[in-house]
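Report on one structure; see the data block that follows.
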Amino acid sequence: MTNTYFGASTRRLEDPKLLMGRAQFVDDVVQRQMLHATFVRSREAHGKILNIDTEAAREFEGVVAVYTAEDLGDYNQSAPLVVPPPPIDGLEFNKRTQTPLAAGKVRYVGEPVAVVIAQNRYIAEDAADLVSVQIEPLSVVSDSENAVSENSPLVHEDAPGNRAAVAHQFKGDYAKAAADAAVIVKRRFTYEHGLAQPMETRGVVAMWDAGPEKLQVWASTQAPTSLRTGLAGLLNLSESQIRIVAPFVGGGFGSKVLMYYPEEVLIPWVSIQLGRAVKWIEDRAEHFTATTQERGQIHDAELAVDESGVILGLKDRFLHDTGAYNPYGLTVPINSQCSALGPYVIPNYDSVFTAVFTNKPIVSPFRGAGRQHGVFVIERLLDLAAKKLDLDVAEIRRRNFIPKDAFPYRNGVTFQDFTELSYDSGDYEKVLDQLLTNIDYTKFKQEEQNRLRDEGRYVGIGIVSYVEGTGIGPYEGARVRVQGNGRVNVATGIGNQGQGHYTSFAQIVADQLGVSPSFVDVTTGDTDQFQWGAGTFASRGAVVAGNAVYQAAEAVRTKIIELSASHLNCNKSQIQLGEGLAFDSRNAENSISFGDLAAIANPMRGAVAPGTQPGLEATSYFGPEGGTTSSGAHGLIVEVDPETLMVEIVRYVVVHDCGVEINPMIVSGQVKGGVVQGIGNAFFERIEYDDNGQLLNGTLADYLVPTSLEAPKIEVDHHTVPSAQNSLGIKGVGEAGAIPVGPVFAQAVEDALRPLSKELEVLDIPLSPYRLWKLLKNSKPGTDTIG
């Protein structure tokens, strides 16, 4: 079989619907006599609820119901833990999850305390203003360092020291490595909070049908099957009574993977109580306080190297701000802990993180999911070590890369998927060399930079490397079916938020069955169409669901060949598939269409032969033993205005290894989108809170998201090292573009401003012109130890 579509830059099949406004999103769902919900949210970051007076709201014309925690009764229970922590020796983990409505106490600004149900959204909003909430303010835990201070107030009275978790992972003997080191570089790094800001905010529509006792929920979620399972348990319904539909989802980036948001568990309950369809759509102001955030870590780290720059050991102690609750377990800080190892040989590693509760919104994965933090730490430490040893930043990385013949490479620590962190494949030096060539690194350093500086311009270059664990389990499944009209249907349990699943999965099937991708109809995120799956997150959709699709398509191909060989009276080896036909390779006119084969495989009379199944259909599940490891190198050239300290990205170049590419155009789009999101996180986007836990920049006028005007032209190239973890040789790509932008941005800005300050060190992300000005004003040498 020759691949015709797999590996081709096929145009996305879903785009015509999106471009012509025919794609259905949650807010497009309209049901008869549908009601609308508005949530009343806490304006205090921390306080005791003294009284909630709903009388005026209940009497407001057009209001159908108002609920508080007291009205919910036993349903107002703490949500299940979405992701349990992995089995790390000596782990301390204190689970604290949210109830649908706050009871007794509020723990962050935006926590829901009541919900108003009305005939339309306008009435609901007006009535919500009439709900009087009396809260006695309590002292606020405003940040992670405040949380662990001796006299800090407690977010949860039964969580001493505000500790959500403490995890210590190590290998080798760092103390001995430090004693043997020629140089030890020590720094403090901070990575601040940011928001996903998808184009479509969250939303839920629920409709209870009392006749058949069926609940249908449309949700802007990344995990429809998991939401179905969770709701069944909470509502005491069987899973077969609940249908979750995740239609077109306008971006998720991790913020829509949390299955037990208060709104997602409360709106279905309200629909059952009232026997009416109920809709809630998050507005942009709510997104700033009601949707999960990420980032928020402080690292005290040190790197021990010998006189040639070879890494002897890495030590890291960091605080992770988990917000008011920790429903997503330890995914983010463990990713940070593991990502600090990078693509390098680090024989001795000692890392401890303390996750702490604060009076801020919940922290859960956001594109990169903690990897940014770890990559920032190791890449910045390498830059500083190179400076101390007078080495080129590319050279110090080259001296420490894991060699290409060392794979699979075991790191000796536990990853978020409960397995040992292991890299399946890679050629890190080749990727870096390709980047250096593509960005003209040597020419820039030796010629261009000096010429431009002579002209009074402040230009700099940065290059970094990284790895990304992708394609983790537990599993995904898919069903492939040839329909009576000859078209092919694919159904899988994962959701889709713009990654191009409809196209990529169609390409996989098209090559197996010899049809055009446009002849393949793909259904995702509908639990009535496919009942099982984990969800779309962690750069795993194409790897895990894609291989399930491939296996199911292989099985259907085998059925087609066997059935057509029997019908056409020829050997199976002589059957070829193409253009929706099975034909005899010796005589192409001796053929039969897929539609006719489907009818034969599903007879209305007679008996199906023993050991066979009716229909041209197969279902398959793929559960990888371990994840796949993508990698890459980013480089950029910047120019800094010395008066305004605005940073212009002159060139941005990426070389990426995601294994075999299903669709290079989609891969390139994923990388570019990630880079732009990374640029926002590096220079524009930072959530600001005051000491009282009040959000200071809760609008898009104050929280700056990069637009097309700030996005540079991004040059993307690929170096392919196939994964041995799956039959297609593919690795994940969804988050890779965003992961290394912070350190490469910091390195380039330092390089550009070196004529102004040789001591400037960028150790905090995100930057801004003002923060750059402060750094320049206060720049002084860091703390290094010379052996």
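Residue numbering restarts at 1 for every chain of the structure tokens, chains are lettered A, B, ... in their displayed order, and ligands are numbered from 1 as they appear.
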
Kindly assemble as CSV a list of the segment 591-666 of chain A residues that lie within 12 Å of segment 530-549 of chain A, each paired with its nearest atom pair and their distance in Å to one decimal, using only C-alpha atoms, sorted first by chain and then by ascending residue number.
```
residue,atom,partner,partner_atom,distance
A:Glu617,CA,A:Val549,CA,11.8
A:Ala618,CA,A:Val549,CA,9.6
A:Thr619,CA,A:Ala548,CA,8.2
A:Ser620,CA,A:Ala548,CA,5.5
A:Tyr621,CA,A:Ala548,CA,5.1
A:Phe622,CA,A:Ala548,CA,4.9
A:Gly623,CA,A:Val544,CA,7.0
A:Pro624,CA,A:Val544,CA,7.3
A:Glu625,CA,A:Val544,CA,11.0
A:Gly626,CA,A:Val544,CA,10.8
A:Gly627,CA,A:Arg540,CA,8.7
A:Thr628,CA,A:Val543,CA,8.3
A:Thr629,CA,A:Ser539,CA,10.4
A:Ser630,CA,A:Ser539,CA,9.7
A:Cys658,CA,A:Val543,CA,10.1
A:Gly659,CA,A:Val543,CA,10.1
A:Val660,CA,A:Val543,CA,10.5
A:Glu661,CA,A:Ala542,CA,9.9
A:Ile662,CA,A:Ala542,CA,8.5
A:Asn663,CA,A:Ala542,CA,10.6
A:Ile666,CA,A:Ala542,CA,11.4
```

Fewer than 6 positions away in the same chain doesn't count, so skip those; otherwise give me all residues within 12 Å of segment 134-137 of chain A, counting only C-alpha atoms, as an mmCIF file with N, CA, C and O atoms, in the first residue's frame.
```cif
data_model
loop_
_atom_site.group_PDB
_atom_site.id
_atom_site.type_symbol
_atom_site.label_atom_id
_atom_site.label_comp_id
_atom_site.auth_asym_id
_atom_site.auth_seq_id
_atom_site.Cartn_x
_atom_site.Cartn_y
_atom_site.Cartn_z
ATOM 1 N N ARG A 41 -21.178 35.540 42.190
ATOM 2 C CA ARG A 41 -19.825 35.122 42.563
ATOM 3 C C ARG A 41 -19.290 35.992 43.704
ATOM 4 O O ARG A 41 -19.656 37.160 43.842
ATOM 5 N N SER A 42 -18.409 35.395 44.451
ATOM 6 C CA SER A 42 -17.821 36.104 45.578
ATOM 7 C C SER A 42 -16.966 37.281 45.101
ATOM 8 O O SER A 42 -16.195 37.158 44.149
ATOM 9 N N ARG A 43 -17.097 38.392 45.811
ATOM 10 C CA ARG A 43 -16.229 39.540 45.555
ATOM 11 C C ARG A 43 -15.078 39.606 46.546
ATOM 12 O O ARG A 43 -14.245 40.507 46.453
ATOM 13 N N GLU A 44 -15.076 38.668 47.471
ATOM 14 C CA GLU A 44 -13.996 38.586 48.450
ATOM 15 C C GLU A 44 -13.116 37.387 48.116
ATOM 16 O O GLU A 44 -13.613 36.338 47.687
ATOM 17 N N ALA A 45 -11.810 37.532 48.338
ATOM 18 C CA ALA A 45 -10.901 36.421 48.084
ATOM 19 C C ALA A 45 -10.946 35.391 49.202
ATOM 20 O O ALA A 45 -10.634 34.215 48.978
ATOM 21 N N HIS A 46 -11.327 35.809 50.389
ATOM 22 C CA HIS A 46 -11.337 34.902 51.531
ATOM 23 C C HIS A 46 -12.308 35.450 52.563
ATOM 24 O O HIS A 46 -12.186 36.614 52.966
ATOM 25 N N GLY A 47 -13.278 34.669 52.951
ATOM 26 C CA GLY A 47 -14.219 35.178 53.932
ATOM 27 C C GLY A 47 -15.263 34.162 54.341
ATOM 28 O O GLY A 47 -15.489 33.160 53.655
ATOM 29 N N LYS A 48 -15.919 34.439 55.485
ATOM 30 C CA LYS A 48 -17.009 33.608 55.973
ATOM 31 C C LYS A 48 -18.328 34.132 55.401
ATOM 32 O O LYS A 48 -18.607 35.332 55.456
ATOM 33 N N ILE A 49 -19.128 33.223 54.885
ATOM 34 C CA ILE A 49 -20.444 33.602 54.375
ATOM 35 C C ILE A 49 -21.393 33.725 55.566
ATOM 36 O O ILE A 49 -21.662 32.750 56.274
ATOM 37 N N LEU A 50 -21.873 34.946 55.806
ATOM 38 C CA LEU A 50 -22.773 35.182 56.929
ATOM 39 C C LEU A 50 -24.229 35.008 56.532
ATOM 40 O O LEU A 50 -25.035 34.463 57.298
ATOM 41 N N ASN A 51 -24.558 35.469 55.304
ATOM 42 C CA ASN A 51 -25.961 35.383 54.868
ATOM 43 C C ASN A 51 -26.039 35.595 53.361
ATOM 44 O O ASN A 51 -25.256 36.371 52.795
ATOM 45 N N ILE A 52 -26.956 34.879 52.721
ATOM 46 C CA ILE A 52 -27.258 35.099 51.302
ATOM 47 C C ILE A 52 -28.757 35.317 51.198
ATOM 48 O O ILE A 52 -29.547 34.397 51.442
ATOM 49 N N ASP A 53 -29.154 36.531 50.874
ATOM 50 C CA ASP A 53 -30.568 36.888 50.778
ATOM 51 C C ASP A 53 -30.975 36.870 49.311
ATOM 52 O O ASP A 53 -30.518 37.692 48.513
ATOM 53 N N THR A 54 -31.835 35.922 48.946
ATOM 54 C CA THR A 54 -32.247 35.759 47.544
ATOM 55 C C THR A 54 -33.692 36.197 47.304
ATOM 56 O O THR A 54 -34.208 36.045 46.198
ATOM 57 N N ALA A 102 -20.342 27.633 46.932
ATOM 58 C CA ALA A 102 -19.600 27.801 48.186
ATOM 59 C C ALA A 102 -20.554 27.715 49.372
ATOM 60 O O ALA A 102 -21.645 28.293 49.356
ATOM 61 N N ALA A 103 -20.098 27.009 50.394
ATOM 62 C CA ALA A 103 -20.892 26.854 51.617
ATOM 63 C C ALA A 103 -20.020 27.205 52.815
ATOM 64 O O ALA A 103 -18.960 26.614 53.006
ATOM 65 N N GLY A 104 -20.458 28.178 53.594
ATOM 66 C CA GLY A 104 -19.737 28.524 54.809
ATOM 67 C C GLY A 104 -18.584 29.479 54.599
ATOM 68 O O GLY A 104 -18.334 30.352 55.424
ATOM 69 N N LYS A 105 -17.867 29.334 53.488
ATOM 70 C CA LYS A 105 -16.658 30.122 53.284
ATOM 71 C C LYS A 105 -16.371 30.249 51.798
ATOM 72 O O LYS A 105 -16.647 29.341 51.014
ATOM 73 N N VAL A 106 -15.804 31.379 51.410
ATOM 74 C CA VAL A 106 -15.314 31.550 50.034
ATOM 75 C C VAL A 106 -13.794 31.632 50.081
ATOM 76 O O VAL A 106 -13.212 32.112 51.055
ATOM 77 N N ARG A 107 -13.166 31.184 48.973
ATOM 78 C CA ARG A 107 -11.705 31.085 48.994
ATOM 79 C C ARG A 107 -11.033 31.776 47.818
ATOM 80 O O ARG A 107 -9.820 31.731 47.697
ATOM 81 N N TYR A 108 -11.792 32.387 46.918
ATOM 82 C CA TYR A 108 -11.189 33.210 45.867
ATOM 83 C C TYR A 108 -12.256 34.098 45.247
ATOM 84 O O TYR A 108 -13.455 33.777 45.282
ATOM 85 N N VAL A 109 -11.821 35.209 44.710
ATOM 86 C CA VAL A 109 -12.740 36.100 44.007
ATOM 87 C C VAL A 109 -13.246 35.380 42.764
ATOM 88 O O VAL A 109 -12.454 34.912 41.937
ATOM 89 N N VAL A 113 -21.461 31.469 44.529
ATOM 90 C CA VAL A 113 -22.193 31.307 45.789
ATOM 91 C C VAL A 113 -23.689 31.097 45.557
ATOM 92 O O VAL A 113 -24.393 30.630 46.449
ATOM 93 N N ASN A 692 -4.915 41.757 48.644
ATOM 94 C CA ASN A 692 -6.217 41.282 49.094
ATOM 95 C C ASN A 692 -6.823 40.249 48.158
ATOM 96 O O ASN A 692 -8.007 39.903 48.282
ATOM 97 N N GLY A 693 -6.015 39.776 47.210
ATOM 98 C CA GLY A 693 -6.495 38.764 46.285
ATOM 99 C C GLY A 693 -7.445 39.295 45.230
ATOM 100 O O GLY A 693 -8.162 38.521 44.584
#
```

Which of these residues is nearest to Phe376 of chain A, using only C-alpha atoms: A:Gly230, A:Pro766, A:Gly514, A:Gly275? A:Pro766

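Atom CA of Thr292 of chain A to atom CA of Gln77 of chain A spans 19.7 Å [interatomic distance, one decimal].
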
Hey, which bits of segment 511-564 of chain A sit within 6 Å of segment 479-489 of chain A, and for each residue what's the closest pair of atoms and how far apart in Å (one decimal), counting only C-alpha atoms, rows by chain and increasing number, as JSON lines?
```
{"residue": "A:Phe519", "atom": "CA", "partner": "A:Arg487", "partner_atom": "CA", "distance": 5.6}
{"residue": "A:Val520", "atom": "CA", "partner": "A:Val488", "partner_atom": "CA", "distance": 4.7}
{"residue": "A:Asp521", "atom": "CA", "partner": "A:Asn489", "partner_atom": "CA", "distance": 4.8}
{"residue": "A:Val522", "atom": "CA", "partner": "A:Asn489", "partner_atom": "CA", "distance": 5.9}
{"residue": "A:Ala552", "atom": "CA", "partner": "A:Val480", "partner_atom": "CA", "distance": 5.8}
{"residue": "A:Ala553", "atom": "CA", "partner": "A:Val480", "partner_atom": "CA", "distance": 5.9}
```

Selection above as a file: N, CA, C and O atoms, as a tab-separated table (two decimals), in the first residue's frame:
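Generated output (result-v5.tsv):
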```tsv
chain	number	residue	atom	x	y	z
A	519	PHE	N	-14.14	11.59	1.64
A	519	PHE	CA	-15.11	10.50	1.66
A	519	PHE	C	-15.24	9.89	3.06
A	519	PHE	O	-15.97	8.94	3.26
A	520	VAL	N	-14.49	10.49	4.03
A	520	VAL	CA	-14.47	9.97	5.40
A	520	VAL	C	-15.13	10.98	6.32
A	520	VAL	O	-14.72	12.14	6.39
A	521	ASP	N	-16.17	10.56	7.02
A	521	ASP	CA	-16.88	11.42	7.97
A	521	ASP	C	-16.40	11.09	9.38
A	521	ASP	O	-16.49	9.95	9.82
A	522	VAL	N	-15.89	12.11	10.08
A	522	VAL	CA	-15.32	11.90	11.40
A	522	VAL	C	-16.22	12.53	12.45
A	522	VAL	O	-16.64	13.68	12.32
A	552	ALA	N	-8.17	0.30	13.77
A	552	ALA	CA	-9.53	-0.03	13.35
A	552	ALA	C	-9.64	-0.04	11.82
A	552	ALA	O	-10.30	-0.91	11.24
A	553	ALA	N	-8.99	0.93	11.17
A	553	ALA	CA	-9.02	0.99	9.70
A	553	ALA	C	-8.33	-0.23	9.10
A	553	ALA	O	-8.78	-0.77	8.07
```

Segment 610-640 of chain A: residues DSSP assigns to strand (DSSP E), reported as a ChimeraX atom specification: /A:617-622,628-640

Do a neighbour search on Ser364 of chain A at 12 Å with only C-alpha atoms, toss out local chain neighbours closer than 2 positions, and write the hits as a tab-separated table (two decimals) with C-alpha atoms, in the first residue's frame.
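Listed below is the output, around16.tsv:
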```tsv
chain	number	residue	atom	x	y	z
A	82	VAL	CA	-9.75	14.49	38.38
A	83	VAL	CA	-6.18	13.19	38.36
A	193	HIS	CA	0.24	33.42	36.32
A	194	GLY	CA	-1.44	33.58	32.93
A	195	LEU	CA	-4.75	32.67	31.32
A	196	ALA	CA	-5.67	30.46	28.36
A	253	PHE	CA	-5.55	24.99	25.70
A	254	GLY	CA	-6.14	22.94	28.84
A	255	SER	CA	-8.60	25.28	30.52
A	256	LYS	CA	-11.54	23.11	29.39
A	257	VAL	CA	-10.15	19.76	30.52
A	258	LEU	CA	-11.27	20.15	34.14
A	259	MET	CA	-14.35	17.91	34.29
A	261	TYR	CA	-16.26	22.90	37.10
A	291	THR	CA	-11.77	29.55	34.71
A	292	THR	CA	-8.59	27.84	35.81
A	293	GLN	CA	-5.22	29.50	35.39
A	294	GLU	CA	-1.64	28.30	35.18
A	295	ARG	CA	2.00	29.21	35.83
A	296	GLY	CA	2.83	30.73	39.22
A	320	HIS	CA	3.92	25.91	43.08
A	321	ASP	CA	0.80	28.05	43.53
A	322	THR	CA	-2.12	25.64	43.08
A	323	GLY	CA	-4.83	28.20	43.88
A	324	ALA	CA	-7.69	27.58	46.29
A	325	TYR	CA	-8.25	23.90	45.36
A	326	ASN	CA	-6.28	21.12	43.68
A	327	PRO	CA	-8.71	18.98	41.64
A	328	TYR	CA	-6.13	18.27	38.91
A	329	GLY	CA	-3.68	16.72	41.33
A	330	LEU	CA	0.01	17.34	40.66
A	331	THR	CA	0.19	17.26	36.87
A	332	VAL	CA	1.58	20.78	36.50
A	333	PRO	CA	4.35	20.73	39.15
A	335	ASN	CA	5.74	18.25	34.61
A	361	PRO	CA	-8.50	30.65	41.19
A	362	ILE	CA	-7.62	26.99	40.65
A	366	PHE	CA	-2.60	25.31	30.23
A	367	ARG	CA	-0.77	24.64	26.97
A	368	GLY	CA	2.59	23.34	28.10
A	369	ALA	CA	1.20	22.27	31.48
A	370	GLY	CA	4.17	23.09	33.67
A	537	PHE	CA	-4.90	17.10	26.38
```

Can you pull out every residue from segment 662-730 of chain A that DSSP, working from the backbone, puts in alpha helix (DSSP H), and format the result as number ranges by chain? A: 664-679

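The shortest atom-to-atom distance to Gly251 of chain A, with only C-alpha atoms taken into account, belongs to A:Arg202 out of A:Lys774, A:His287, A:Lys176, A:Arg202.
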